[in-house]
Amino acid sequence: MASVKVQERTPTTVEANGKGMTPAVPNGRAPDPHSIAEPEMTRAARAARAAWRLEHLDEWRRDLEILGHFDPEFIYDVGHEYDPDSTTDPDYGAEGVYLLEYDEDGVVSPLEKRAWKVQERMSHSADDALADTDREADYELEVRFRPETIARANRVTRERHPVQKGVRADLIVLANLSVGERERFLPKGILRLDLGAPVPELVLEVLSRGSANRDLNYKKHLYEAAGVSEYLIYDLGSKRRAGSPRELLMYRLTGEAYHRVAPEPRTSSQGPDEYWSNVFGTRIRFLPDAREETEEFRRLPEERRPPPRFQWWDREQGRWRDRATDAEHERAVEQERMGREREARGETKMAIAVLHRLLSELSVQERDRIAAHWQEHGPPANAVDRILEVQQSPTEWRSLLLDDPDEDRGPNDSPNPREPHTPGGGW
């Protein structure tokens, strides 16, 4: 088995409530073994486990190597947990391993489900907005950077980033890759900038309590150093800090540095902030759920709250779009069409009734022929006026009451036989 590369960074020891750290035991486990997802895994317990790992690297390496998702190229961090099916390392992108986060109190908790929903929705919107361009979107994609990119970000942030290989981005937009380029630059679904892959043109991160500081600082400088043109950060509310507003932040690369982009004047008097994106070639925004300001919405646990919609402005249609809004728009169009059809059927029914009432001098067969034509094609807009004209000129009923007089012609363009004259007819 290949040896495991380990970033030897001494973790900070934190004491909680004036008590000493939980004593470390073999394999970094606390005296009362428990899952890393349980509330007992506090800062103090984590620090004790990390301290043990740092002092027993060989044993820890052996533990890592027996994991089914072990990656010999990955630089494992003693400050994080790696279990058979979960990890606290946000940069560990092994398939089938889900991410747990540290909350403000240092307790490990599952990644916020609402953030996952936002990621999926904004990926769909991005795909649709880029459908006719030479760009494509992907989400939850691991991106590995050039060493000089990481070194620059580390210098700016004055930290020694524990994982030297890459990060996972919530949403990226990059130039379309050919089949050959995918094989070369996206092996195992990892975008390899260190192998010459094109730099993403846009990255969007959705903040969660555990990731906010990292997305706002280290990742921002990492994307800046890599040359990502536009960087967007979305705060669902109270993620940057307690009470922080729901807000989309946008940065654009000017020269070699990011500069905050101001929102555009809104397309309507109400609604969220809108931003012009050079990458999408249109305006974009996050539309909160319409019920978000209600008390009922606030009482819902956050993971059950409907996520906002990532939308793009369709200039041809003159409206904001995302898949949910498109579905609503299609339903409205269909309801409007059905309403028009109901109205048209009512008008046709009324016109036929007037036809039979006022043109009794025409034969039943002639009136039925006109009625059948109107039921298929709709009556003329001025059907009543035409019926009154036929009263004065009964022989002109074909040209007056059939939009296409040839409707009354037979095969080979020959006139249909005339119905026999009936008493009271106007021939």
# chains A, B, ... in the order shown; residues from 1 in each chain; ligands from 1
>>> closest_atom_pairs(of="stretch 122-218 of chain A", to="stretch 247-258 of chain A", cutoff="12 Å", atoms="only C-alpha atoms", output="tab-separated table")
residue	atom	partner	partner_atom	distance
A:Arg152	CA	A:Glu256	CA	11.5
A:Ala153	CA	A:Ala257	CA	11.7
A:Val156	CA	A:Ala257	CA	11.5
A:Glu201	CA	A:Leu253	CA	10.1
A:Leu202	CA	A:Arg252	CA	9.3
A:Val203	CA	A:Tyr251	CA	10.1
A:Leu204	CA	A:Met250	CA	9.0
A:Glu205	CA	A:Leu249	CA	9.9
A:Val206	CA	A:Leu248	CA	9.3
A:Leu207	CA	A:Leu248	CA	10.2
A:Asp215	CA	A:Leu249	CA	11.5
A:Leu216	CA	A:Leu249	CA	9.9
A:Asn217	CA	A:Tyr258	CA	11.9
>>> write_last_selection(atoms="N, CA, C and O atoms", output="PDB file, in the first residue's frame")
ATOM      1  N   ARG A 152       0.193  31.222  -3.547  1.00  0.00           N
ATOM      2  CA  ARG A 152      -0.214  32.629  -3.499  1.00  0.00           C
ATOM      3  C   ARG A 152      -1.365  32.838  -2.527  1.00  0.00           C
ATOM      4  O   ARG A 152      -1.363  33.782  -1.727  1.00  0.00           O
ATOM      5  N   ALA A 153      -2.364  31.950  -2.567  1.00  0.00           N
ATOM      6  CA  ALA A 153      -3.487  32.070  -1.641  1.00  0.00           C
ATOM      7  C   ALA A 153      -3.023  31.930  -0.203  1.00  0.00           C
ATOM      8  O   ALA A 153      -3.504  32.635   0.701  1.00  0.00           O
ATOM      9  N   VAL A 156      -1.365  35.223   0.968  1.00  0.00           N
ATOM     10  CA  VAL A 156      -2.322  36.298   1.225  1.00  0.00           C
ATOM     11  C   VAL A 156      -3.072  36.064   2.528  1.00  0.00           C
ATOM     12  O   VAL A 156      -3.287  36.985   3.318  1.00  0.00           O
ATOM     13  N   GLU A 201     -14.664  29.911 -15.398  1.00  0.00           N
ATOM     14  CA  GLU A 201     -14.926  31.331 -15.583  1.00  0.00           C
ATOM     15  C   GLU A 201     -15.749  31.900 -14.439  1.00  0.00           C
ATOM     16  O   GLU A 201     -15.706  33.103 -14.177  1.00  0.00           O
ATOM     17  N   LEU A 202     -16.508  31.036 -13.776  1.00  0.00           N
ATOM     18  CA  LEU A 202     -17.364  31.491 -12.667  1.00  0.00           C
ATOM     19  C   LEU A 202     -17.437  30.390 -11.628  1.00  0.00           C
ATOM     20  O   LEU A 202     -17.520  29.211 -11.968  1.00  0.00           O
ATOM     21  N   VAL A 203     -17.434  30.786 -10.357  1.00  0.00           N
ATOM     22  CA  VAL A 203     -17.659  29.865  -9.242  1.00  0.00           C
ATOM     23  C   VAL A 203     -18.703  30.499  -8.323  1.00  0.00           C
ATOM     24  O   VAL A 203     -18.658  31.705  -8.065  1.00  0.00           O
ATOM     25  N   LEU A 204     -19.646  29.687  -7.869  1.00  0.00           N
ATOM     26  CA  LEU A 204     -20.672  30.154  -6.936  1.00  0.00           C
ATOM     27  C   LEU A 204     -20.669  29.230  -5.727  1.00  0.00           C
ATOM     28  O   LEU A 204     -20.768  28.014  -5.870  1.00  0.00           O
ATOM     29  N   GLU A 205     -20.542  29.803  -4.544  1.00  0.00           N
ATOM     30  CA  GLU A 205     -20.557  29.030  -3.306  1.00  0.00           C
ATOM     31  C   GLU A 205     -21.768  29.432  -2.471  1.00  0.00           C
ATOM     32  O   GLU A 205     -22.081  30.615  -2.335  1.00  0.00           O
ATOM     33  N   VAL A 206     -22.458  28.440  -1.914  1.00  0.00           N
ATOM     34  CA  VAL A 206     -23.589  28.679  -1.007  1.00  0.00           C
ATOM     35  C   VAL A 206     -23.082  28.483   0.413  1.00  0.00           C
ATOM     36  O   VAL A 206     -22.576  27.411   0.754  1.00  0.00           O
ATOM     37  N   LEU A 207     -23.215  29.512   1.221  1.00  0.00           N
ATOM     38  CA  LEU A 207     -22.665  29.456   2.576  1.00  0.00           C
ATOM     39  C   LEU A 207     -23.491  28.554   3.480  1.00  0.00           C
ATOM     40  O   LEU A 207     -24.718  28.531   3.409  1.00  0.00           O
ATOM     41  N   ASP A 215     -15.264  30.033   2.770  1.00  0.00           N
ATOM     42  CA  ASP A 215     -15.698  30.517   1.461  1.00  0.00           C
ATOM     43  C   ASP A 215     -15.417  32.003   1.284  1.00  0.00           C
ATOM     44  O   ASP A 215     -15.081  32.456   0.188  1.00  0.00           O
ATOM     45  N   LEU A 216     -15.581  32.767   2.369  1.00  0.00           N
ATOM     46  CA  LEU A 216     -15.396  34.215   2.298  1.00  0.00           C
ATOM     47  C   LEU A 216     -13.933  34.628   2.282  1.00  0.00           C
ATOM     48  O   LEU A 216     -13.614  35.737   1.842  1.00  0.00           O
ATOM     49  N   ASN A 217     -13.066  33.748   2.762  1.00  0.00           N
ATOM     50  CA  ASN A 217     -11.653  34.120   2.866  1.00  0.00           C
ATOM     51  C   ASN A 217     -10.750  33.241   2.006  1.00  0.00           C
ATOM     52  O   ASN A 217     -10.373  33.646   0.903  1.00  0.00           O
TER      53      ASN A 217
END
>>> residues_around(residues="stretch 281-288 of chain A", least_positions_apart="5", cutoff="10 Å", atoms="only C-alpha atoms", output="VMD selection string")
chain A and resid 118 122 125 to 126 129 to 130 133 234 236 246 to 248 263 to 264 266 to 267 271 to 276 293 306 to 315 320 to 322
>>> write_last_selection(atoms="N, CA, C and O atoms", output="compact mmCIF listing (two decimals), in the first residue's frame")
# COMPACT_ATOMS: atom_id res chain seq x y z
N VAL A 118 -30.22 23.99 -2.88
CA VAL A 118 -29.85 25.19 -3.63
C VAL A 118 -28.85 24.84 -4.71
O VAL A 118 -28.94 25.31 -5.85
N MET A 122 -29.54 25.56 -8.65
CA MET A 122 -28.77 26.53 -9.41
C MET A 122 -27.99 25.85 -10.54
O MET A 122 -27.73 26.47 -11.58
N SER A 125 -30.53 25.70 -13.41
CA SER A 125 -30.70 27.03 -14.01
C SER A 125 -29.49 27.40 -14.86
O SER A 125 -29.63 27.94 -15.95
N ALA A 126 -28.30 27.10 -14.34
CA ALA A 126 -27.09 27.42 -15.09
C ALA A 126 -27.04 26.63 -16.40
O ALA A 126 -26.67 27.18 -17.45
N ALA A 129 -29.45 28.35 -18.80
CA ALA A 129 -28.98 29.67 -19.24
C ALA A 129 -27.82 29.56 -20.23
O ALA A 129 -27.65 30.42 -21.09
N LEU A 130 -27.05 28.48 -20.12
CA LEU A 130 -25.86 28.31 -20.98
C LEU A 130 -26.12 27.38 -22.17
O LEU A 130 -25.18 27.03 -22.89
N THR A 133 -24.66 28.36 -25.55
CA THR A 133 -23.33 28.96 -25.48
C THR A 133 -22.26 27.86 -25.57
O THR A 133 -22.57 26.68 -25.67
N TYR A 234 -23.47 33.14 -1.85
CA TYR A 234 -24.86 33.36 -1.44
C TYR A 234 -25.04 32.97 0.02
O TYR A 234 -24.73 31.84 0.42
N LEU A 236 -27.73 32.32 2.78
CA LEU A 236 -29.14 32.00 2.96
C LEU A 236 -29.76 32.78 4.12
O LEU A 236 -30.96 32.73 4.33
N ARG A 246 -30.03 37.76 4.20
CA ARG A 246 -30.02 36.91 3.00
C ARG A 246 -29.50 37.79 1.87
O ARG A 246 -30.04 38.84 1.57
N GLU A 247 -28.42 37.34 1.21
CA GLU A 247 -27.76 38.24 0.27
C GLU A 247 -26.87 37.47 -0.70
O GLU A 247 -26.27 36.47 -0.35
N LEU A 248 -26.83 37.97 -1.94
CA LEU A 248 -25.89 37.47 -2.94
C LEU A 248 -24.75 38.47 -3.04
O LEU A 248 -24.97 39.67 -3.24
N PRO A 263 -25.04 45.72 -7.23
CA PRO A 263 -26.21 45.22 -7.96
C PRO A 263 -26.69 46.21 -9.00
O PRO A 263 -26.46 47.42 -8.90
N GLU A 264 -27.39 45.69 -10.02
CA GLU A 264 -27.97 46.50 -11.08
C GLU A 264 -29.30 47.09 -10.59
O GLU A 264 -29.90 46.58 -9.65
N ARG A 266 -33.07 47.29 -10.37
CA ARG A 266 -33.97 46.15 -10.50
C ARG A 266 -34.89 46.30 -11.70
O ARG A 266 -35.26 47.41 -12.09
N THR A 267 -35.28 45.16 -12.25
CA THR A 267 -36.21 45.16 -13.37
C THR A 267 -37.63 45.45 -12.92
O THR A 267 -38.50 45.72 -13.74
N GLY A 271 -38.38 42.85 -5.36
CA GLY A 271 -37.58 41.70 -5.74
C GLY A 271 -36.17 41.79 -5.20
O GLY A 271 -35.73 42.84 -4.71
N PRO A 272 -35.42 40.68 -5.29
CA PRO A 272 -34.05 40.65 -4.76
C PRO A 272 -33.08 41.39 -5.67
O PRO A 272 -33.42 41.77 -6.79
N ASP A 273 -31.87 41.59 -5.15
CA ASP A 273 -30.83 42.25 -5.93
C ASP A 273 -30.51 41.45 -7.19
O ASP A 273 -30.53 40.21 -7.19
N GLU A 274 -30.22 42.17 -8.27
CA GLU A 274 -29.87 41.56 -9.54
C GLU A 274 -28.45 41.97 -9.92
O GLU A 274 -28.04 43.10 -9.69
N TYR A 275 -27.73 41.03 -10.52
CA TYR A 275 -26.34 41.29 -10.90
C TYR A 275 -26.13 40.92 -12.37
O TYR A 275 -26.64 39.88 -12.83
N TRP A 276 -25.38 41.76 -13.07
CA TRP A 276 -25.02 41.43 -14.43
C TRP A 276 -23.81 40.49 -14.40
O TRP A 276 -22.80 40.77 -13.75
N GLU A 293 -41.28 35.31 4.40
CA GLU A 293 -41.49 36.32 5.44
C GLU A 293 -42.64 35.96 6.38
O GLU A 293 -42.94 36.72 7.30
N PRO A 306 -38.36 25.73 1.88
CA PRO A 306 -38.12 25.71 0.43
C PRO A 306 -36.92 26.58 0.08
O PRO A 306 -36.80 27.70 0.58
N PRO A 307 -36.02 26.08 -0.74
CA PRO A 307 -34.83 26.86 -1.08
C PRO A 307 -35.16 27.97 -2.07
O PRO A 307 -36.17 27.90 -2.78
N PRO A 308 -34.32 29.00 -2.13
CA PRO A 308 -34.52 30.06 -3.13
C PRO A 308 -34.24 29.53 -4.53
O PRO A 308 -33.63 28.47 -4.70
N ARG A 309 -34.67 30.29 -5.51
CA ARG A 309 -34.47 29.90 -6.91
C ARG A 309 -33.35 30.74 -7.52
O ARG A 309 -33.39 31.97 -7.47
N PHE A 310 -32.38 30.08 -8.13
CA PHE A 310 -31.34 30.79 -8.87
C PHE A 310 -31.89 31.05 -10.27
O PHE A 310 -32.19 30.12 -11.01
N GLN A 311 -32.05 32.32 -10.62
CA GLN A 311 -32.73 32.68 -11.86
C GLN A 311 -31.83 33.48 -12.80
O GLN A 311 -30.89 34.14 -12.37
N TRP A 312 -32.18 33.42 -14.07
CA TRP A 312 -31.49 34.21 -15.09
C TRP A 312 -32.53 34.92 -15.94
O TRP A 312 -33.66 34.45 -16.10
N TRP A 313 -32.15 36.10 -16.45
CA TRP A 313 -33.09 36.92 -17.21
C TRP A 313 -33.03 36.55 -18.68
O TRP A 313 -31.99 36.63 -19.31
N ASP A 314 -34.17 36.10 -19.21
CA ASP A 314 -34.28 35.75 -20.62
C ASP A 314 -34.77 36.99 -21.36
O ASP A 314 -35.94 37.38 -21.26
N ARG A 315 -33.87 37.64 -22.10
CA ARG A 315 -34.24 38.88 -22.78
C ARG A 315 -35.25 38.65 -23.89
O ARG A 315 -36.10 39.51 -24.15
N TRP A 320 -37.88 36.36 -15.90
CA TRP A 320 -36.91 35.60 -15.13
C TRP A 320 -37.21 34.12 -15.27
O TRP A 320 -38.38 33.71 -15.26
N ARG A 321 -36.14 33.32 -15.38
CA ARG A 321 -36.35 31.91 -15.63
C ARG A 321 -35.56 31.02 -14.67
O ARG A 321 -34.45 31.35 -14.25
N ASP A 322 -36.16 29.91 -14.32
CA ASP A 322 -35.55 28.74 -13.71
C ASP A 322 -36.53 27.63 -13.98
O ASP A 322 -37.64 27.89 -14.48
>>> atom_distance(atom1="atom CA of A:Tyr139", atom2="atom CA of A:Asp170")
5.1 Å
>>> residues_around(residues="A:Leu358", least_positions_apart="2", cutoff="9 Å", atoms="only C-alpha atoms", output="MDAnalysis selection string")
chainID A and resid 353:356 360:361 387:388 391
>>> atom_distance(atom1="atom CA of A:Ala131", atom2="atom CA of A:Ala324")
16.9 Å
>>> closest_residue(among="A:Thr325, A:Glu330, A:Phe145, A:Ala381", to="A:Glu347", atoms="only C-alpha atoms")
A:Ala381
>>> decode(residues="stretch 43-56 of chain A", atoms="N, CA and C atoms", output="CSV table (one decimal), in the first residue's frame")
chain,number,residue,atom,x,y,z
A,43,ARG,N,-15.3,20.5,20.3
A,43,ARG,CA,-13.9,21.0,20.0
A,43,ARG,C,-12.9,20.3,20.8
A,44,ALA,N,-13.2,20.1,22.1
A,44,ALA,CA,-12.2,19.5,23.0
A,44,ALA,C,-11.9,18.1,22.6
A,45,ALA,N,-13.0,17.3,22.3
A,45,ALA,CA,-12.8,15.9,21.9
A,45,ALA,C,-12.1,15.8,20.6
A,46,ARG,N,-12.4,16.7,19.7
A,46,ARG,CA,-11.7,16.7,18.4
A,46,ARG,C,-10.2,17.0,18.6
A,47,ALA,N,-9.9,18.0,19.4
A,47,ALA,CA,-8.5,18.4,19.6
A,47,ALA,C,-7.7,17.3,20.2
A,48,ALA,N,-8.4,16.5,21.1
A,48,ALA,CA,-7.7,15.4,21.7
A,48,ALA,C,-7.4,14.3,20.7
A,49,ARG,N,-8.4,14.0,19.8
A,49,ARG,CA,-8.2,13.0,18.8
A,49,ARG,C,-7.1,13.5,17.8
A,50,ALA,N,-7.1,14.8,17.5
A,50,ALA,CA,-6.1,15.3,16.5
A,50,ALA,C,-4.7,15.2,17.2
A,51,ALA,N,-4.6,15.5,18.5
A,51,ALA,CA,-3.3,15.5,19.2
A,51,ALA,C,-2.7,14.0,19.2
A,52,TRP,N,-3.6,13.1,19.4
A,52,TRP,CA,-3.2,11.7,19.4
A,52,TRP,C,-2.7,11.3,18.0
A,53,ARG,N,-3.4,11.7,17.0
A,53,ARG,CA,-3.0,11.3,15.6
A,53,ARG,C,-1.6,11.9,15.3
A,54,LEU,N,-1.4,13.2,15.7
A,54,LEU,CA,-0.1,13.8,15.4
A,54,LEU,C,1.0,13.1,16.1
A,55,GLU,N,0.8,12.5,17.2
A,55,GLU,CA,1.8,11.8,18.0
A,55,GLU,C,2.0,10.3,17.5
A,56,HIS,N,1.0,9.8,16.8
A,56,HIS,CA,1.0,8.4,16.4
A,56,HIS,C,0.7,8.3,14.9
